[in-house]
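Asks: Attaching a single structure in structure tokens format; questions to follow.
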Amino acid sequence: MANVIRIHEHGGPDVLRVETADVGEPARGEVKVRQEAIGVNFFDTMMRDGSVDAPLPMVLGSEAAGVVVAVGPETPGFAVGDRVGYFASAGAYASERLIDSASLIPLPEDISNEQAAGFLAKGLTAWMGMRALHNVAPGEVLLVQGASGNVGSLLSRWAKASGATVVGVAGSRDKLDKVRAGADYAVYAGDPEALDRIHEVAPEGVDVVFDFVGRATAELSAAAVRDGGKIAAIGAASGQSQLDTAELARRNVKVVSGGVPQYVNASTVGKASGQLFQAIRDGVFHDIQVARYAFADAARSHEDMAARKLTGLAVLIV
């Protein structure tokens with residue numbers, strides 16, 4: 001029997017229940033994974049509180065890493081004992097589970113299960129932004145809206161390491177130090193002179209805006225990007241952006257968006273995960289730690305996320 005964390009109703013962290021489940025044996029195309037580390041993401045809290053509609057009951061989570069303990073018939077590519085991770089398969093809050101083998105990413109020996117569970121979803125979202133939606137080039141000036149968030153923090157560091165100049169924007173003054181840790185410049189979104197601060201770095205406007213916030217930052221994003229530049233709308237923490245698309249088109253500003261599965265799929269996941277793992281090896285994210293929680297303390301990880309108390313990428317240790 002496996003332990004799972006399931007919800008039967010929407011609500012606060014107290015609705016998370018540790019239960020047992022009979023996992024069974026893998027069918028064709030499936031493997032059974034004994035999970036050792038499980039990523040906790042903001043999207044999990046949205047599933048929990050009902051912000052995202054999904055049928056109940058459900059096992060939360062979509063990202064984890066562990067060891068293959070059984071392989072289904074006619075399922076090539078994996079063997080018992082292989083270490084694997086994944087980032088987009090529902091039902092991750094479990095000590096053991098069945099999963100489609102197509103969802104799995106083989107893990108190199110020098111990438112720990114905790115690193116994989118903490119970095120895969122967020123790191124591959126950053127990869128989508130700076131390699132698929134826009135291929136960041138040395139010398140470019142970038143604006144990152146939501147630079148204090150997990151994905152914004154990763155993208156800022158990765159883009160800076162790639163030779164770009166990064167201006168990070170924070171939604172509150174107390175996050176500016178966190179932004180400065182990963183970006184070349186930090187700007188407070190509520191500063192009446194925020195646009196002037198950006199123009200001090202890029203007088204004609206920035207080459208690209210990576211926006212993880214949405215509606216609350218849309219006006220500044222549009223004003224900050226240069227004519228002929230690009231806005232990559234990746235997140236919508238404050239609601240969907242309401243950009244003046246006609247005016248942006250007049251200025252030849254391209255607006256791009258998309259979800260991770262659209263860009264990180266069977267044809268690209270090997271390249272994307274390989275580049276992410278190399279960035280980890282190179283120390284690009286050396287100051288971003290994993291915040292460990294016991295499996296049974298999943299509710300506390302959700303509480304800390306809501307209270308903005310996380311000191312790293314939240315991972316449940318099984």
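Ordering of the structure tokens sets the chain letters (A, B, ...); residue numbers start at 1 within each chain; ligands are numbered from 1 in the order shown.
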Neighbouring residues of Arg48 (chain A) were defined as those with any atom within 9 Å, considering only C-alpha atoms; residues of the same chain fewer than 6 positions away were excluded. Please report them as a compact mmCIF listing (two decimals) with C-alpha atoms, in the first residue's frame.
Replies:
```txt
# COMPACT_ATOMS: atom_id res chain seq x y z
CA ILE A 7 -8.47 16.15 -0.95
CA GLU A 9 -13.31 19.03 -0.73
CA HIS A 10 -11.80 22.38 -1.63
CA GLY A 11 -10.50 24.64 1.09
CA GLY A 12 -7.45 25.59 3.10
CA PRO A 13 -4.42 23.43 3.85
CA VAL A 15 -8.29 19.66 3.68
CA LEU A 16 -5.10 17.73 2.80
CA LEU A 60 -2.56 16.72 -5.59
```
Asks: Got a sec: who's within 12 Å of Val206 (chain A), counting only C-alpha atoms, leaving out chain neighbours fewer than 2 positions off, as number ranges by chain?
Replies: A: 139-144, 164-168, 195, 197-204, 208-210, 220-231, 253
Asks: Tell me which protein, DNA and RNA residues are within 12 Å of Leu120 (chain A), counting only C-alpha atoms, leaving out same-chain ones fewer than 5 positions away, and put them as an mmCIF file with N, CA and C atoms, in the first residue's frame.
Replies:
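Result file follows (result.cif):
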```
data_model
loop_
_atom_site.group_PDB
_atom_site.id
_atom_site.type_symbol
_atom_site.label_atom_id
_atom_site.label_comp_id
_atom_site.auth_asym_id
_atom_site.auth_seq_id
_atom_site.Cartn_x
_atom_site.Cartn_y
_atom_site.Cartn_z
ATOM 1 N N ALA A 37 11.089 12.292 -3.484
ATOM 2 C CA ALA A 37 10.965 13.750 -3.327
ATOM 3 C C ALA A 37 9.851 14.231 -4.243
ATOM 4 N N ILE A 38 9.014 15.125 -3.727
ATOM 5 C CA ILE A 38 7.834 15.599 -4.456
ATOM 6 C C ILE A 38 7.827 17.122 -4.433
ATOM 7 N N GLY A 39 7.755 17.736 -5.595
ATOM 8 C CA GLY A 39 7.739 19.191 -5.677
ATOM 9 C C GLY A 39 6.391 19.764 -5.275
ATOM 10 N N VAL A 40 6.422 20.873 -4.549
ATOM 11 C CA VAL A 40 5.209 21.608 -4.174
ATOM 12 C C VAL A 40 5.206 22.912 -4.963
ATOM 13 N N ASN A 41 4.142 23.134 -5.711
ATOM 14 C CA ASN A 41 4.051 24.307 -6.577
ATOM 15 C C ASN A 41 2.808 25.131 -6.251
ATOM 16 N N SER A 62 2.070 17.451 -9.263
ATOM 17 C CA SER A 62 2.356 17.060 -10.647
ATOM 18 C C SER A 62 3.840 16.833 -10.898
ATOM 19 N N GLU A 63 4.678 16.881 -9.843
ATOM 20 C CA GLU A 63 6.133 16.869 -10.034
ATOM 21 C C GLU A 63 6.793 16.051 -8.933
ATOM 22 N N ALA A 64 7.686 15.143 -9.309
ATOM 23 C CA ALA A 64 8.366 14.324 -8.303
ATOM 24 C C ALA A 64 9.566 13.625 -8.917
ATOM 25 N N ALA A 65 10.308 12.912 -8.070
ATOM 26 C CA ALA A 65 11.454 12.124 -8.516
ATOM 27 C C ALA A 65 11.586 10.911 -7.612
ATOM 28 N N VAL A 84 14.337 8.497 -11.934
ATOM 29 C CA VAL A 84 13.545 9.270 -12.889
ATOM 30 C C VAL A 84 12.872 10.447 -12.193
ATOM 31 N N GLY A 85 12.495 11.421 -12.988
ATOM 32 C CA GLY A 85 11.719 12.545 -12.505
ATOM 33 C C GLY A 85 10.650 12.887 -13.516
ATOM 34 N N TYR A 86 9.723 13.739 -13.129
ATOM 35 C CA TYR A 86 8.689 14.222 -14.045
ATOM 36 C C TYR A 86 8.166 15.540 -13.506
ATOM 37 N N PHE A 87 7.456 16.287 -14.349
ATOM 38 C CA PHE A 87 7.031 17.632 -13.961
ATOM 39 C C PHE A 87 5.591 17.953 -14.326
ATOM 40 N N ALA A 88 4.891 17.077 -15.017
ATOM 41 C CA ALA A 88 3.543 17.432 -15.478
ATOM 42 C C ALA A 88 2.642 16.207 -15.526
ATOM 43 N N LEU A 104 8.301 10.470 -18.091
ATOM 44 C CA LEU A 104 9.491 10.381 -17.252
ATOM 45 C C LEU A 104 10.743 10.947 -17.914
ATOM 46 N N ILE A 105 11.589 11.535 -17.087
ATOM 47 C CA ILE A 105 12.877 12.077 -17.506
ATOM 48 C C ILE A 105 13.966 11.326 -16.741
ATOM 49 N N PRO A 106 14.870 10.632 -17.428
ATOM 50 C CA PRO A 106 15.974 9.969 -16.723
ATOM 51 C C PRO A 106 16.832 11.012 -16.000
ATOM 52 N N LEU A 107 17.248 10.695 -14.780
ATOM 53 C CA LEU A 107 18.039 11.635 -13.997
ATOM 54 C C LEU A 107 19.514 11.249 -14.014
ATOM 55 N N ILE A 111 22.542 14.701 -10.350
ATOM 56 C CA ILE A 111 21.342 15.486 -10.028
ATOM 57 C C ILE A 111 20.525 14.690 -9.020
ATOM 58 N N SER A 112 20.376 15.227 -7.822
ATOM 59 C CA SER A 112 19.677 14.494 -6.760
ATOM 60 C C SER A 112 18.172 14.490 -7.004
ATOM 61 N N ASN A 113 17.503 13.572 -6.320
ATOM 62 C CA ASN A 113 16.043 13.535 -6.416
ATOM 63 C C ASN A 113 15.424 14.828 -5.891
ATOM 64 N N GLU A 114 15.997 15.384 -4.844
ATOM 65 C CA GLU A 114 15.477 16.635 -4.301
ATOM 66 C C GLU A 114 15.639 17.775 -5.308
ATOM 67 N N GLN A 115 16.787 17.830 -5.965
ATOM 68 C CA GLN A 115 16.983 18.864 -6.993
ATOM 69 C C GLN A 115 15.990 18.699 -8.126
ATOM 70 N N THR A 125 9.876 25.749 -16.952
ATOM 71 C CA THR A 125 9.070 26.926 -17.299
ATOM 72 C C THR A 125 10.001 28.089 -17.660
ATOM 73 N N ALA A 126 11.069 28.261 -16.884
ATOM 74 C CA ALA A 126 12.053 29.295 -17.207
ATOM 75 C C ALA A 126 12.693 29.009 -18.563
ATOM 76 N N TRP A 127 13.015 27.745 -18.828
ATOM 77 C CA TRP A 127 13.597 27.367 -20.132
ATOM 78 C C TRP A 127 12.637 27.725 -21.265
ATOM 79 N N MET A 128 11.357 27.437 -21.079
ATOM 80 C CA MET A 128 10.377 27.780 -22.106
ATOM 81 C C MET A 128 10.428 29.274 -22.415
ATOM 82 N N ASN A 150 9.408 32.080 -7.764
ATOM 83 C CA ASN A 150 10.307 30.958 -8.039
ATOM 84 C C ASN A 150 10.786 30.932 -9.487
ATOM 85 N N VAL A 151 9.849 30.975 -10.433
ATOM 86 C CA VAL A 151 10.251 30.898 -11.835
ATOM 87 C C VAL A 151 10.985 32.171 -12.252
ATOM 88 N N LEU A 154 14.559 31.979 -11.107
ATOM 89 C CA LEU A 154 15.376 31.085 -11.922
ATOM 90 C C LEU A 154 15.693 31.718 -13.269
ATOM 91 N N VAL A 260 3.840 25.212 -20.657
ATOM 92 C CA VAL A 260 5.044 24.378 -20.722
ATOM 93 C C VAL A 260 4.833 23.124 -21.576
ATOM 94 N N VAL A 264 7.671 22.108 -24.027
ATOM 95 C CA VAL A 264 8.534 21.056 -23.467
ATOM 96 C C VAL A 264 7.777 19.747 -23.619
ATOM 97 N N VAL A 269 12.060 17.743 -24.649
ATOM 98 C CA VAL A 269 12.311 17.592 -23.212
ATOM 99 C C VAL A 269 13.736 17.152 -22.911
ATOM 100 N N ALA A 272 15.808 20.334 -23.250
ATOM 101 C CA ALA A 272 15.451 21.301 -22.211
ATOM 102 C C ALA A 272 15.948 20.849 -20.844
ATOM 103 N N SER A 273 15.686 19.606 -20.486
ATOM 104 C CA SER A 273 16.126 19.119 -19.173
ATOM 105 C C SER A 273 17.642 19.038 -19.106
ATOM 106 N N GLY A 274 18.290 18.684 -20.218
ATOM 107 C CA GLY A 274 19.750 18.641 -20.244
ATOM 108 C C GLY A 274 20.359 20.008 -19.984
ATOM 109 N N GLN A 275 19.772 21.051 -20.581
ATOM 110 C CA GLN A 275 20.278 22.406 -20.357
ATOM 111 C C GLN A 275 20.001 22.871 -18.930
ATOM 112 N N LEU A 276 18.857 22.472 -18.386
ATOM 113 C CA LEU A 276 18.556 22.812 -16.995
ATOM 114 C C LEU A 276 19.547 22.131 -16.050
ATOM 115 N N PHE A 277 19.788 20.849 -16.253
ATOM 116 C CA PHE A 277 20.726 20.129 -15.391
ATOM 117 C C PHE A 277 22.130 20.733 -15.484
ATOM 118 N N ALA A 279 22.830 23.871 -16.129
ATOM 119 C CA ALA A 279 22.802 25.136 -15.390
ATOM 120 C C ALA A 279 22.942 24.888 -13.890
ATOM 121 N N ILE A 280 22.310 23.805 -13.404
ATOM 122 C CA ILE A 280 22.451 23.449 -11.988
ATOM 123 C C ILE A 280 23.906 23.089 -11.690
ATOM 124 N N LEU A 313 12.837 26.243 -2.684
ATOM 125 C CA LEU A 313 11.857 25.507 -3.485
ATOM 126 C C LEU A 313 11.303 24.378 -2.626
ATOM 127 N N VAL A 315 9.822 21.069 -1.226
ATOM 128 C CA VAL A 315 9.841 19.670 -1.621
ATOM 129 C C VAL A 315 9.396 18.819 -0.435
#
```
Asks: I'd like the interatomic distance between CA of Arg308 (chain A) and CA of Ser148 (chain A), to a tenth of an Å.
Replies: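 About the pair CA of Arg308 (chain A) and CA of Ser148 (chain A): they are 11.0 Å apart.
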Asks: If DSSP is run on the backbone, what residues of region 133-235 of chain A are strand (DSSP E or B)? A reply as a PyMOL selection string would be ideal.
Replies: chain A and resi 141-145+165-170+185-188+206-211+225-233
Asks: So, with only C-alpha atoms as the atoms that count, which of A:Val31, A:Ala189, A:Ala249, A:Ala161 lies closest to Arg173 (chain A)?
Replies: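 Of A:Val31, A:Ala189, A:Ala249, A:Ala161, the one nearest Arg173 (chain A), counting only C-alpha atoms, is A:Ala189.
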Asks: Could you work out how far CA of Gly129 (chain A) lies from CA of Ala159 (chain A), giving the answer in Å with one decimal?
Replies: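 It comes out at 10.0 Å.
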Asks: Would you return as a list in words the members of region 15-141 of chain A that DSSP assigns to alpha helix (DSSP H) on this structure's backbone?
Replies: Phe42, Phe43, Asp44, Thr45, Met46, Met47, Arg48, Asp49, Asn113, Glu114, Gln115, Ala116, Ala117, Gly118, Phe119, Leu120, Ala121, Lys122, Gly123, Leu124, Thr125, Ala126 and Trp127 of chain A
Asks: Write a file of the selected residues as a PDB file, in the first residue's frame, keeping N, CA and C atoms.
Replies:
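Output saved as again_31.pdb:
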```pdb
ATOM      1  N   PHE A  42       2.847  26.402  -6.620  1.00  0.00           N
ATOM      2  CA  PHE A  42       1.712  27.284  -6.358  1.00  0.00           C
ATOM      3  C   PHE A  42       0.439  26.747  -7.004  1.00  0.00           C
ATOM      4  N   PHE A  43       0.596  26.099  -8.151  1.00  0.00           N
ATOM      5  CA  PHE A  43      -0.573  25.546  -8.837  1.00  0.00           C
ATOM      6  C   PHE A  43      -1.274  24.508  -7.959  1.00  0.00           C
ATOM      7  N   ASP A  44      -0.522  23.797  -7.123  1.00  0.00           N
ATOM      8  CA  ASP A  44      -1.123  22.814  -6.215  1.00  0.00           C
ATOM      9  C   ASP A  44      -2.103  23.501  -5.267  1.00  0.00           C
ATOM     10  N   THR A  45      -1.740  24.686  -4.797  1.00  0.00           N
ATOM     11  CA  THR A  45      -2.623  25.400  -3.866  1.00  0.00           C
ATOM     12  C   THR A  45      -3.889  25.871  -4.578  1.00  0.00           C
ATOM     13  N   MET A  46      -3.773  26.175  -5.876  1.00  0.00           N
ATOM     14  CA  MET A  46      -4.948  26.575  -6.646  1.00  0.00           C
ATOM     15  C   MET A  46      -5.876  25.385  -6.871  1.00  0.00           C
ATOM     16  N   MET A  47      -5.302  24.217  -7.076  1.00  0.00           N
ATOM     17  CA  MET A  47      -6.125  23.005  -7.179  1.00  0.00           C
ATOM     18  C   MET A  47      -6.819  22.719  -5.856  1.00  0.00           C
ATOM     19  N   ARG A  48      -6.085  22.936  -4.778  1.00  0.00           N
ATOM     20  CA  ARG A  48      -6.625  22.643  -3.448  1.00  0.00           C
ATOM     21  C   ARG A  48      -7.784  23.560  -3.080  1.00  0.00           C
ATOM     22  N   ASP A  49      -7.634  24.873  -3.357  1.00  0.00           N
ATOM     23  CA  ASP A  49      -8.668  25.807  -2.900  1.00  0.00           C
ATOM     24  C   ASP A  49      -9.807  25.990  -3.908  1.00  0.00           C
ATOM     25  N   ASN A 113      17.503  13.572  -6.320  1.00  0.00           N
ATOM     26  CA  ASN A 113      16.043  13.535  -6.416  1.00  0.00           C
ATOM     27  C   ASN A 113      15.424  14.828  -5.891  1.00  0.00           C
ATOM     28  N   GLU A 114      15.997  15.384  -4.844  1.00  0.00           N
ATOM     29  CA  GLU A 114      15.477  16.635  -4.301  1.00  0.00           C
ATOM     30  C   GLU A 114      15.639  17.775  -5.308  1.00  0.00           C
ATOM     31  N   GLN A 115      16.787  17.830  -5.965  1.00  0.00           N
ATOM     32  CA  GLN A 115      16.983  18.864  -6.993  1.00  0.00           C
ATOM     33  C   GLN A 115      15.990  18.699  -8.126  1.00  0.00           C
ATOM     34  N   ALA A 116      15.803  17.467  -8.578  1.00  0.00           N
ATOM     35  CA  ALA A 116      14.873  17.226  -9.679  1.00  0.00           C
ATOM     36  C   ALA A 116      13.457  17.637  -9.298  1.00  0.00           C
ATOM     37  N   ALA A 117      13.014  17.221  -8.109  1.00  0.00           N
ATOM     38  CA  ALA A 117      11.650  17.536  -7.680  1.00  0.00           C
ATOM     39  C   ALA A 117      11.463  19.029  -7.458  1.00  0.00           C
ATOM     40  N   GLY A 118      12.514  19.728  -7.045  1.00  0.00           N
ATOM     41  CA  GLY A 118      12.400  21.154  -6.797  1.00  0.00           C
ATOM     42  C   GLY A 118      12.518  22.006  -8.042  1.00  0.00           C
ATOM     43  N   PHE A 119      13.349  21.553  -8.999  1.00  0.00           N
ATOM     44  CA  PHE A 119      13.690  22.413 -10.130  1.00  0.00           C
ATOM     45  C   PHE A 119      12.976  22.087 -11.433  1.00  0.00           C
ATOM     46  N   LEU A 120      12.512  20.860 -11.643  1.00  0.00           N
ATOM     47  CA  LEU A 120      12.042  20.496 -12.979  1.00  0.00           C
ATOM     48  C   LEU A 120      10.916  21.398 -13.485  1.00  0.00           C
ATOM     49  N   ALA A 121       9.821  21.474 -12.770  1.00  0.00           N
ATOM     50  CA  ALA A 121       8.676  22.252 -13.275  1.00  0.00           C
ATOM     51  C   ALA A 121       9.036  23.726 -13.420  1.00  0.00           C
ATOM     52  N   LYS A 122       9.658  24.283 -12.402  1.00  0.00           N
ATOM     53  CA  LYS A 122       9.964  25.715 -12.425  1.00  0.00           C
ATOM     54  C   LYS A 122      11.088  26.002 -13.418  1.00  0.00           C
ATOM     55  N   GLY A 123      12.107  25.143 -13.415  1.00  0.00           N
ATOM     56  CA  GLY A 123      13.232  25.354 -14.320  1.00  0.00           C
ATOM     57  C   GLY A 123      12.852  25.198 -15.778  1.00  0.00           C
ATOM     58  N   LEU A 124      11.980  24.244 -16.076  1.00  0.00           N
ATOM     59  CA  LEU A 124      11.566  24.055 -17.462  1.00  0.00           C
ATOM     60  C   LEU A 124      10.597  25.155 -17.910  1.00  0.00           C
ATOM     61  N   THR A 125       9.876  25.749 -16.952  1.00  0.00           N
ATOM     62  CA  THR A 125       9.070  26.926 -17.299  1.00  0.00           C
ATOM     63  C   THR A 125      10.001  28.089 -17.660  1.00  0.00           C
ATOM     64  N   ALA A 126      11.069  28.261 -16.884  1.00  0.00           N
ATOM     65  CA  ALA A 126      12.053  29.295 -17.207  1.00  0.00           C
ATOM     66  C   ALA A 126      12.693  29.009 -18.563  1.00  0.00           C
ATOM     67  N   TRP A 127      13.015  27.745 -18.828  1.00  0.00           N
ATOM     68  CA  TRP A 127      13.597  27.367 -20.132  1.00  0.00           C
ATOM     69  C   TRP A 127      12.637  27.725 -21.265  1.00  0.00           C
TER      70      TRP A 127
END
```
Asks: Kindly indicate which residue among A:Gly258, A:Gly312, A:Gly163, A:Gly270 lies nearest to Ala102 (chain A), using only C-alpha atoms for the distances.
Replies: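 Looking at the shortest contact to Ala102 (chain A), the residue is A:Gly270.
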Asks: Between CA of Val80 (chain A) and CA of Arg34 (chain A), what distance in Å does the model show, to one decimal?
Replies: 10.5 Å
Asks: For Gln242 (chain A), list every protein, DNA or RNA residue within 10 Å, evaluated using only C-alpha atoms, and leave out those in the same chain fewer than 2 positions away; present the list as an NGL selection string.
Replies: :A and (214-219 or 239-240 or 244-245)
Asks: Please write the residues from the selection above to a file, keeping C-alpha atoms, as a tab-separated table (two decimals), in the first residue's frame.
Replies:
```tsv
chain	number	residue	atom	x	y	z
A	214	GLY	CA	-0.38	39.53	-15.70
A	215	ARG	CA	-3.00	42.20	-15.29
A	216	ALA	CA	-1.31	44.20	-12.52
A	217	THR	CA	1.89	44.66	-14.53
A	218	ALA	CA	0.53	44.88	-18.08
A	219	GLU	CA	0.68	48.67	-18.30
A	239	GLY	CA	-5.30	37.84	-13.62
A	240	GLN	CA	-5.03	37.80	-17.39
A	244	ASP	CA	-3.66	47.09	-25.95
A	245	THR	CA	-2.78	44.67	-28.74
```
Asks: Pick out the residues sitting within 12 Å of Ala79 (chain A), and hand them over as a PyMOL selection string; count only C-alpha atoms, and ignore anything fewer than 2 positions along from it in its own chain.
Replies: chain A and resi 30-33+67-77+81-84+101+106
